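For reference, start_0.txt (compact mmCIF, C-alpha atoms and all ligand atoms):
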```txt
# COMPACT_ATOMS: atom_id res chain seq x y z
CA MET A 207 133.82 129.50 31.23
CA ILE A 208 131.30 131.71 29.50
CA GLN A 209 133.08 134.31 27.38
CA ASN A 210 132.22 138.00 27.27
CA GLN A 211 130.79 138.34 30.74
CA TRP A 212 131.43 140.43 33.83
CA TYR A 213 132.52 138.08 36.61
CA ALA A 214 132.50 139.06 40.27
CA VAL A 215 136.07 138.15 41.19
CA LEU A 216 137.20 140.00 44.30
CA SER A 217 135.73 141.69 47.33
CA SER A 218 136.66 145.39 47.40
CA HIS A 219 137.79 145.22 51.02
CA LYS A 220 140.72 143.04 49.96
CA LEU A 221 142.13 145.70 47.65
CA LYS A 222 143.70 148.45 49.72
CA PRO A 223 145.33 151.48 48.10
CA GLY A 224 149.08 151.07 47.61
CA LYS A 225 149.10 147.29 47.93
CA PRO A 226 148.75 144.99 44.92
CA VAL A 227 146.78 141.78 45.27
CA GLY A 228 147.73 138.76 43.21
CA ALA A 229 144.94 136.32 42.42
CA LYS A 230 144.43 133.39 40.10
CA ARG A 231 141.24 133.89 38.11
CA PHE A 232 140.01 132.02 35.01
CA GLY A 233 143.19 129.92 35.33
CA MET A 234 145.36 133.01 34.84
CA LYS A 235 147.70 134.85 37.17
CA LEU A 236 146.24 138.34 37.59
CA VAL A 237 147.19 141.27 39.77
CA PHE A 238 144.81 143.93 41.08
CA PHE A 239 145.77 147.38 42.29
CA ARG A 240 144.30 150.83 42.73
CA ASP A 241 145.37 153.75 40.56
CA GLU A 242 146.04 157.23 41.93
CA HIS A 243 142.29 157.97 42.00
CA GLY A 244 141.54 154.75 43.90
CA ALA A 245 139.98 153.04 40.88
CA ALA A 246 140.60 149.29 40.72
CA ALA A 247 142.80 147.99 37.89
CA CYS A 248 143.67 144.49 36.77
CA VAL A 249 146.58 143.32 34.61
CA SER A 250 148.48 140.11 33.97
CA ASP A 251 150.62 139.23 36.97
CA ILE A 252 153.55 138.10 34.81
CA CYS A 253 156.11 140.86 34.33
CA ALA A 254 156.89 141.34 30.65
CA HIS A 255 160.61 141.60 31.45
CA ARG A 256 161.47 138.25 33.01
CA GLY A 257 158.25 136.88 34.35
CA ALA A 258 158.30 137.83 38.02
CA SER A 259 155.02 138.25 39.85
CA LEU A 260 154.05 141.89 40.13
CA ALA A 261 151.91 141.08 43.15
CA GLY A 262 155.07 141.03 45.25
CA GLY A 263 155.87 144.59 44.19
CA CYS A 264 154.36 147.87 45.20
CA VAL A 265 152.16 150.65 43.86
CA SER A 266 153.48 154.16 43.53
CA ASN A 267 151.65 157.09 41.94
CA GLY A 268 149.03 154.66 40.71
CA ASN A 269 151.55 152.50 38.84
CA ILE A 270 152.53 148.96 39.78
CA ARG A 271 156.24 148.31 40.19
CA CYS A 272 157.82 144.90 39.70
CA PRO A 273 159.85 143.75 42.72
CA PHE A 274 162.60 142.25 40.51
CA HIS A 275 164.07 145.14 38.47
CA GLY A 276 161.59 147.87 39.25
CA ILE A 277 159.82 148.12 35.91
CA GLU A 278 156.58 150.09 36.27
CA TYR A 279 153.22 149.67 34.55
CA ASP A 280 150.17 151.90 34.67
CA ALA A 281 146.56 150.83 35.20
CA GLU A 282 146.22 150.18 31.46
CA GLY A 283 149.17 147.77 31.53
CA LYS A 284 151.40 150.22 29.69
CA CYS A 285 155.07 150.10 30.65
CA VAL A 286 155.92 153.60 31.90
CA HIS A 287 159.38 153.21 33.40
CA ILE A 288 162.38 150.88 33.10
CA PRO A 289 164.85 151.94 35.81
CA SER A 290 167.92 150.46 34.11
CA GLU A 291 167.23 152.65 31.05
CA GLY A 292 167.12 155.77 33.17
CA LYS A 293 164.40 158.33 33.79
CA ALA A 294 165.34 160.28 30.69
CA SER A 295 165.02 157.28 28.36
CA LYS A 296 163.31 157.96 25.02
CA ILE A 297 163.02 154.27 24.15
CA ASP A 298 159.66 152.93 23.00
CA PHE A 299 158.50 150.53 25.74
CA SER A 300 155.39 149.37 23.90
CA ARG A 301 156.62 145.78 23.56
CA PHE A 302 156.47 145.56 27.37
CA ARG A 303 152.71 146.17 27.48
CA LEU A 304 150.81 143.81 29.79
CA LYS A 305 147.41 142.38 29.05
CA ARG A 306 144.89 144.47 30.95
CA TYR A 307 141.33 143.63 31.94
CA SER A 308 138.32 145.91 32.14
CA VAL A 309 137.24 146.39 35.73
CA LYS A 310 134.11 147.71 37.45
CA GLU A 311 133.50 148.05 41.13
CA ILE A 312 129.92 147.98 42.41
CA GLY A 313 128.63 147.50 45.94
CA GLY A 314 131.98 146.41 47.30
CA VAL A 315 132.54 143.84 44.58
CA ILE A 316 135.18 144.00 41.85
CA PHE A 317 134.10 142.69 38.46
CA VAL A 318 136.41 141.72 35.62
CA TRP A 319 135.33 141.44 32.00
CA TYR A 320 136.36 138.05 30.69
CA GLY A 321 136.29 137.81 26.92
CA GLU A 322 137.77 138.91 23.65
CA ALA A 323 135.44 141.78 22.84
CA GLU A 324 135.29 145.00 24.85
CA PRO A 325 132.42 145.17 27.37
CA GLU A 326 129.22 146.48 25.83
CA ARG A 327 127.14 146.49 29.00
CA GLU A 328 127.41 146.96 32.77
CA PRO A 329 127.65 144.07 35.25
CA ASP A 330 124.22 142.69 36.17
CA VAL A 331 123.98 143.11 39.94
CA PHE A 332 121.44 142.79 42.73
CA GLY A 333 119.92 146.01 44.06
CA ILE A 334 120.75 145.06 47.61
CA MET A 335 124.45 145.56 46.88
CA THR A 336 124.02 149.31 46.58
CA ASP A 337 121.14 149.72 49.01
CA PRO A 338 122.48 151.74 51.96
CA SER A 339 119.78 150.47 54.32
CA TYR A 340 121.50 147.08 54.50
CA THR A 341 124.63 146.14 56.41
CA TYR A 342 126.66 143.07 55.55
CA ASP A 343 129.45 140.82 56.67
CA HIS A 344 131.64 138.96 54.19
CA THR A 345 133.18 135.52 54.41
CA GLU A 346 134.75 133.27 51.77
CA ASP A 347 136.22 129.85 51.26
CA CYS A 348 138.02 127.94 48.51
CA TRP A 349 136.50 124.76 47.07
CA ASN A 350 138.29 122.16 44.96
CA VAL A 351 135.74 122.16 42.14
CA GLN A 352 135.00 124.40 39.19
CA TYR A 353 132.61 127.26 39.97
CA SER A 354 129.76 125.61 38.01
CA ARG A 355 129.55 122.91 40.69
CA VAL A 356 129.31 125.48 43.45
CA ILE A 357 126.54 127.36 41.64
CA GLU A 358 124.56 124.20 41.03
CA ASN A 359 124.81 123.32 44.69
CA GLN A 360 123.26 126.67 45.57
CA LEU A 361 120.35 125.94 43.23
CA ASP A 362 119.82 122.43 44.56
CA VAL A 363 116.67 122.18 46.67
CA SER A 364 116.67 118.45 47.38
CA HIS A 365 119.97 118.25 49.24
CA LEU A 366 118.74 120.28 52.19
CA ALA A 367 117.31 117.44 54.27
CA PHE A 368 120.51 115.45 53.85
CA VAL A 369 123.51 117.77 53.72
CA HIS A 370 121.95 120.28 56.12
CA ARG A 371 119.88 117.99 58.30
CA THR A 372 121.37 119.60 61.43
CA THR A 373 121.01 123.21 60.23
CA ILE A 374 118.84 124.77 57.50
CA GLY A 375 117.49 121.38 56.41
CA ARG A 376 116.05 120.24 59.73
CA GLY A 377 112.68 118.50 59.73
CA ASN A 378 113.27 115.58 57.35
CA LYS A 379 111.50 117.29 54.43
CA THR A 380 112.85 114.90 51.84
CA LEU A 381 110.05 115.17 49.28
CA ALA A 382 110.52 118.03 46.81
CA HIS A 383 107.51 119.60 45.12
CA GLY A 384 108.26 121.30 41.82
CA PRO A 385 110.45 123.16 42.05
CA LYS A 386 109.18 126.10 40.10
CA VAL A 387 111.76 128.03 38.07
CA GLU A 388 110.97 131.47 36.74
CA TRP A 389 113.05 133.66 34.46
CA LEU A 390 112.81 137.20 35.83
CA ASP A 391 114.64 138.46 32.77
CA ASP A 392 116.97 137.02 30.16
CA ASN A 393 119.85 136.84 32.64
CA THR A 394 118.08 136.01 35.90
CA LEU A 395 116.44 132.84 37.13
CA GLN A 396 114.54 132.34 40.35
CA THR A 397 113.44 129.28 42.25
CA SER A 398 112.43 128.25 45.75
CA ALA A 399 112.36 125.09 47.79
CA ASN A 400 108.95 123.61 48.44
CA ASN A 401 109.80 120.49 50.38
CA GLU A 402 107.70 118.36 52.71
CA VAL A 403 107.96 115.37 54.98
CA ASP A 404 107.19 112.29 52.90
CA ILE A 405 103.90 110.81 54.11
CA GLY A 406 103.21 108.97 50.88
CA GLN A 407 102.06 111.95 48.81
CA SER A 408 103.32 112.50 45.26
CA PRO A 409 105.46 115.52 44.45
CA ARG A 410 103.47 118.23 42.70
CA PRO A 411 104.75 119.23 39.25
CA SER A 412 106.46 122.57 38.96
CA SER A 413 103.43 124.03 37.14
CA GLU A 414 101.45 123.61 40.38
CA CYS A 415 104.10 125.24 42.55
CA VAL A 416 104.80 128.86 43.34
CA ILE A 417 107.92 130.84 44.07
CA LYS A 418 107.81 131.49 47.78
CA ASP A 419 108.86 134.62 49.62
CA THR A 420 112.00 132.80 50.70
CA ASN A 421 113.63 132.17 47.36
CA LEU A 422 116.85 131.92 45.38
CA THR A 423 117.78 134.15 42.47
CA PHE A 424 120.73 133.61 40.17
CA LYS A 425 122.31 136.04 37.75
CA TYR A 426 124.75 134.84 35.11
CA PRO A 427 127.57 134.33 35.16
CA ASN A 428 128.24 133.98 38.90
CA MET A 429 125.98 135.77 41.41
CA TRP A 430 123.25 134.44 43.63
CA LEU A 431 120.88 135.86 46.18
CA ASN A 432 118.94 134.06 48.86
CA HIS A 433 115.97 136.23 49.79
CA VAL A 434 115.23 134.96 53.28
CA THR A 435 112.98 137.85 54.33
CA ASP A 436 112.84 141.51 53.38
CA LYS A 437 115.28 142.16 56.22
CA ILE A 438 117.69 139.26 55.73
CA GLN A 439 119.30 138.32 52.43
CA ILE A 440 122.36 136.26 51.62
CA LEU A 441 124.41 137.18 48.59
CA ALA A 442 126.96 134.84 47.09
CA PHE A 443 129.38 135.07 44.23
CA PHE A 444 131.28 132.14 42.88
CA ILE A 445 134.74 133.15 41.81
CA PRO A 446 136.32 131.07 39.05
CA VAL A 447 139.93 130.36 40.06
CA ASP A 448 140.64 127.62 37.53
CA GLU A 449 138.97 124.51 36.15
CA GLU A 450 139.25 122.71 39.49
CA HIS A 451 139.05 125.49 42.07
CA SER A 452 136.73 128.28 42.98
CA ILE A 453 136.06 130.65 45.83
CA ILE A 454 132.63 130.97 47.31
CA ALA A 455 132.10 134.46 48.69
CA LEU A 456 129.11 134.80 51.02
CA ARG A 457 127.65 138.01 52.37
CA PHE A 458 125.05 138.14 55.08
CA TYR A 459 122.98 141.31 54.55
CA ASN A 460 120.43 142.58 57.02
CA ARG A 461 118.51 145.64 58.15
CA ILE A 462 116.88 144.07 61.16
CA THR A 463 117.19 146.99 63.58
CA GLY A 464 118.19 149.79 61.22
CA VAL A 465 120.95 150.69 63.68
CA LYS A 466 124.17 150.16 61.75
CA ALA A 467 126.32 148.97 64.68
CA VAL A 468 123.70 146.46 65.79
CA ASP A 469 123.01 145.25 62.25
CA LYS A 470 126.75 144.84 61.76
CA MET A 471 126.89 142.57 64.80
CA ILE A 472 123.92 140.58 63.50
CA ALA A 473 125.63 140.31 60.10
CA TRP A 474 128.78 139.02 61.79
CA MET A 475 126.79 136.32 63.55
CA GLY A 476 124.97 135.56 60.30
CA SER A 477 128.33 135.01 58.64
CA ARG A 478 129.27 132.45 61.30
CA ALA A 479 126.06 130.56 60.51
CA ASN A 480 126.77 130.87 56.77
CA ARG A 481 130.16 129.28 57.32
CA ILE A 482 128.71 126.27 59.10
CA VAL A 483 126.22 125.66 56.29
CA GLU A 484 128.85 126.29 53.63
CA LYS A 485 131.20 123.70 55.14
CA GLN A 486 128.40 121.14 55.06
CA ASP A 487 128.01 121.77 51.32
CA LYS A 488 131.73 121.79 50.64
CA ARG A 489 132.24 118.38 52.26
CA VAL A 490 129.94 116.75 49.70
CA VAL A 491 130.40 118.90 46.60
CA GLU A 492 134.17 118.45 46.61
CA THR A 493 133.61 114.73 46.14
CA GLN A 494 131.56 115.19 42.95
CA GLU A 495 132.95 113.79 39.71
CA PRO A 496 133.72 115.39 37.35
CA LYS A 497 134.78 118.67 38.93
CA LYS A 498 132.72 120.77 36.58
CA SER A 499 129.31 120.46 35.04
CA SER A 500 128.08 120.74 31.47
CA MET A 501 124.97 120.07 29.39
CA GLY A 502 126.08 116.82 27.86
CA MET A 503 127.44 115.22 31.00
CA ARG A 504 126.30 111.79 32.03
CA GLU A 505 124.30 112.56 35.14
CA LYS A 506 120.81 111.23 35.66
CA LEU A 507 118.77 114.18 36.81
CA VAL A 508 115.43 114.05 38.63
CA ALA A 509 112.50 116.48 38.76
CA ALA A 510 113.98 118.26 41.77
CA ASP A 511 117.02 119.15 39.67
CA ARG A 512 115.00 121.46 37.44
CA PRO A 513 116.84 124.64 38.54
CA ILE A 514 120.14 122.93 37.78
CA MET A 515 118.92 121.88 34.36
CA GLU A 516 117.78 125.43 33.61
CA TYR A 517 121.15 126.75 34.75
CA ARG A 518 122.99 124.33 32.48
CA LYS A 519 120.81 125.00 29.45
CA LYS A 520 121.25 128.75 29.58
CA ARG A 521 124.95 128.39 30.35
CA ALA A 522 125.45 126.20 27.32
CA LYS A 523 123.58 128.74 25.20
CA LEU A 524 125.74 131.60 26.46
CA GLN A 525 128.88 129.55 25.88
CA LYS A 526 127.83 128.97 22.29
CA GLU A 527 127.09 132.64 21.70
S1 LIG B 1 161.11 140.65 35.96
FE1 LIG B 1 159.94 142.38 36.37
S2 LIG B 1 161.34 144.00 36.23
FE2 LIG B 1 162.52 142.28 35.73
FE FE B 2 123.63 123.51 50.68
```

Would you mind writing the file's structure down as structure tokens?
Amino acid sequence: MIQNQWYAVLSSHKLKPGKPVGAKRFGMKLVFFRDEHGAAACVSDICAHRGASLAGGCVSNGNIRCPFHGIEYDAEGKCVHIPSEGKASKIDFSRFRLKRYSVKEIGGVIFVWYGEAEPEREPDVFGIMTDPSYTYDHTEDCWNVQYSRVIENQLDVSHLAFVHRTTIGRGNKTLAHGPKVEWLDDNTLQTSANNEVDIGQSPRPSSECVIKDTNLTFKYPNMWLNHVTDKIQILAFFIPVDEEHSIIALRFYNRITGVKAVDKMIAWMGSRANRIVEKQDKRVVETQEPKKSSMGMREKLVAADRPIMEYRKKRAKLQKE
């Protein structure tokens, strides 16, 4: 994991008012709920009393109540009521405080700050997430690898002709030119596939390649955007569950007709296609050893792996910082 980052960890539509949602993230049991104003909150899902999961409890007046003995915590993780002590209790409950996590919600995505320090910046997001002209459909799936493997797969341009030979990789374009990798800013890298059928030509170096209109952009620590056309874009975020599991969340955005109901239908169909492609990736990536990637690992990379190398280098730098 990279410390001191905002991670996209949950789709907003999963967090309804009044109903806590338990989720393993960063290897920890967390619970999400909405306070009385509807703002998302996140605290440890282990009750300070005797360890029951708060996710099985309920939310009342913006506080989360443990299902075991009814102890209540507010959105800051502060214990506000212990039923057995009575409503009139004057006891100091501060030793019952739960660890709480800073939360932001942008464009239907809930972000959690993972790190020791307090957040000193906002989550780095794609403009499309808050652009009302687009409509999207959301789908997600759990993979048995660390999130770094899922990210690298989404930056991998030379697997298309093999893993996706029946879908987005049709045409036997096995030879990979470049690929070019550009840093749009300190936190954002962009690349695009530039593959051809192998007729004996040599792959061009990345310096002779360009980023095409259909391209991939990645923002640390865990968001990705496939710009297909101006009207169709696919957003993904790679949710770290633990060191061997992650959730890939995929959103098909479009503004093809500009009519919301029609675009919604198109997005729904786009999601079905996303799922087919995603399953093709999952089948192979889950077999990779080891289950997470790092700079010093013993893989023999090729020129086509340049985006992956760039991802690893910057990740290692951020981990060190
Ligand atoms: S374990 Fe939560 S109230 Fe007792
Ligand atoms: Fe793929």

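With distances restricted to only C-alpha atoms, A:Val483 is the closest residue to Ile374 of chain A from A:Asp241, A:Val483, A:Met234, A:Glu328.
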
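Neighbourhood of point (129.4, 132.7, 42.4): residues with an atom at most 6 Å away, counting only C-alpha atoms, are A:Asn428, A:Met429, A:Ala442, A:Phe443, A:Phe444, A:Ile445.
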
Protein and nucleic acid residues within 8 Å of ligand FE 2 (chain B) (only C-alpha atoms and all ligand atoms) as a VMD selection string: chain A and resid 359 to 360 362 365 to 366 369 to 370 483 to 484 486 to 487

Contacts to ligand LIG 1 (chain B) at 12 Å cut-off (all atoms listed in the file) as a VMD selection string: chain A and resid 250 to 264 270 to 279 285 to 291 302 304

Could those selected residues go to a file with C-alpha atoms, as a compact mmCIF listing (two decimals), in the frame of the given file?
```
# COMPACT_ATOMS: atom_id res chain seq x y z
CA SER A 250 148.48 140.11 33.97
CA ASP A 251 150.62 139.23 36.97
CA ILE A 252 153.55 138.10 34.81
CA CYS A 253 156.11 140.86 34.33
CA ALA A 254 156.89 141.34 30.65
CA HIS A 255 160.61 141.60 31.45
CA ARG A 256 161.47 138.25 33.01
CA GLY A 257 158.25 136.88 34.35
CA ALA A 258 158.30 137.83 38.02
CA SER A 259 155.02 138.25 39.85
CA LEU A 260 154.05 141.89 40.13
CA ALA A 261 151.91 141.08 43.15
CA GLY A 262 155.07 141.03 45.25
CA GLY A 263 155.87 144.59 44.19
CA CYS A 264 154.36 147.87 45.20
CA ILE A 270 152.53 148.96 39.78
CA ARG A 271 156.24 148.31 40.19
CA CYS A 272 157.82 144.90 39.70
CA PRO A 273 159.85 143.75 42.72
CA PHE A 274 162.60 142.25 40.51
CA HIS A 275 164.07 145.14 38.47
CA GLY A 276 161.59 147.87 39.25
CA ILE A 277 159.82 148.12 35.91
CA GLU A 278 156.58 150.09 36.27
CA TYR A 279 153.22 149.67 34.55
CA CYS A 285 155.07 150.10 30.65
CA VAL A 286 155.92 153.60 31.90
CA HIS A 287 159.38 153.21 33.40
CA ILE A 288 162.38 150.88 33.10
CA PRO A 289 164.85 151.94 35.81
CA SER A 290 167.92 150.46 34.11
CA GLU A 291 167.23 152.65 31.05
CA PHE A 302 156.47 145.56 27.37
CA LEU A 304 150.81 143.81 29.79
```

Sel. within 6 Å of pt (109.6, 121.2, 49.2), counting all atoms listed in the file, output as a PyMOL selection string: chain A and resi 382-383+399-402

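Residues in contact range of Asp469 of chain A, defined as at most 10 Å between all atoms listed in the file, with sequence neighbours fewer than 4 positions away removed, read Tyr340, Thr341, Tyr342, Asp343, Tyr459, Asn460, Arg461, Ile462, Thr463, Gly464, Val465, Ala473, Trp474 and Met475 of chain A.
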
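One distance worth recording is that between atom CA of Gln209 of chain A and atom CA of Ile440 of chain A, which is 26.6 Å.
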
Restricting to only C-alpha atoms, whichever of A:Pro446, A:Pro496, A:Pro409, A:Gly377 is closest to Ile208 of chain A is A:Pro446

As a ChimeraX atom specification, please: the residues near Asp404 of chain A (cut-off 8 Å, only C-alpha atoms, same-chain neighbours under 4 positions excluded). /A:379-381

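Residue nearest Thr394 of chain A, chosen from A:Val351, A:Ile297, A:Leu507, A:Val331 and counting all atoms listed in the file: A:Val331.
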
To one decimal in Å, tell me the separation between atom CA of Asn480 of chain A and atom CA of Phe458 of chain A. 7.7 Å

Find the nearest atom pair between each residue of segment 209-301 of chain A and segment 414-427 of chain A for residues within 8 Å, count only C-alpha atoms, give distances in Å to one decimal, sort rows by chain and ascending number, and present the table as a tab-separated table.
```
residue	atom	partner	partner_atom	distance
A:Gln211	CA	A:Pro427	CA	6.8
A:Trp212	CA	A:Pro427	CA	7.3
A:Tyr213	CA	A:Pro427	CA	6.4
```

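In this structure, atom CA of Pro226 of chain A sits 10.4 Å away from atom CA of Ser266 of chain A.
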
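The shell of residues at most 9 Å from His219 of chain A, with all atoms listed in the file counted and near chain neighbours (fewer than 3 positions) removed, consists of Leu216, Lys222, Gly314 and Val315 of chain A.
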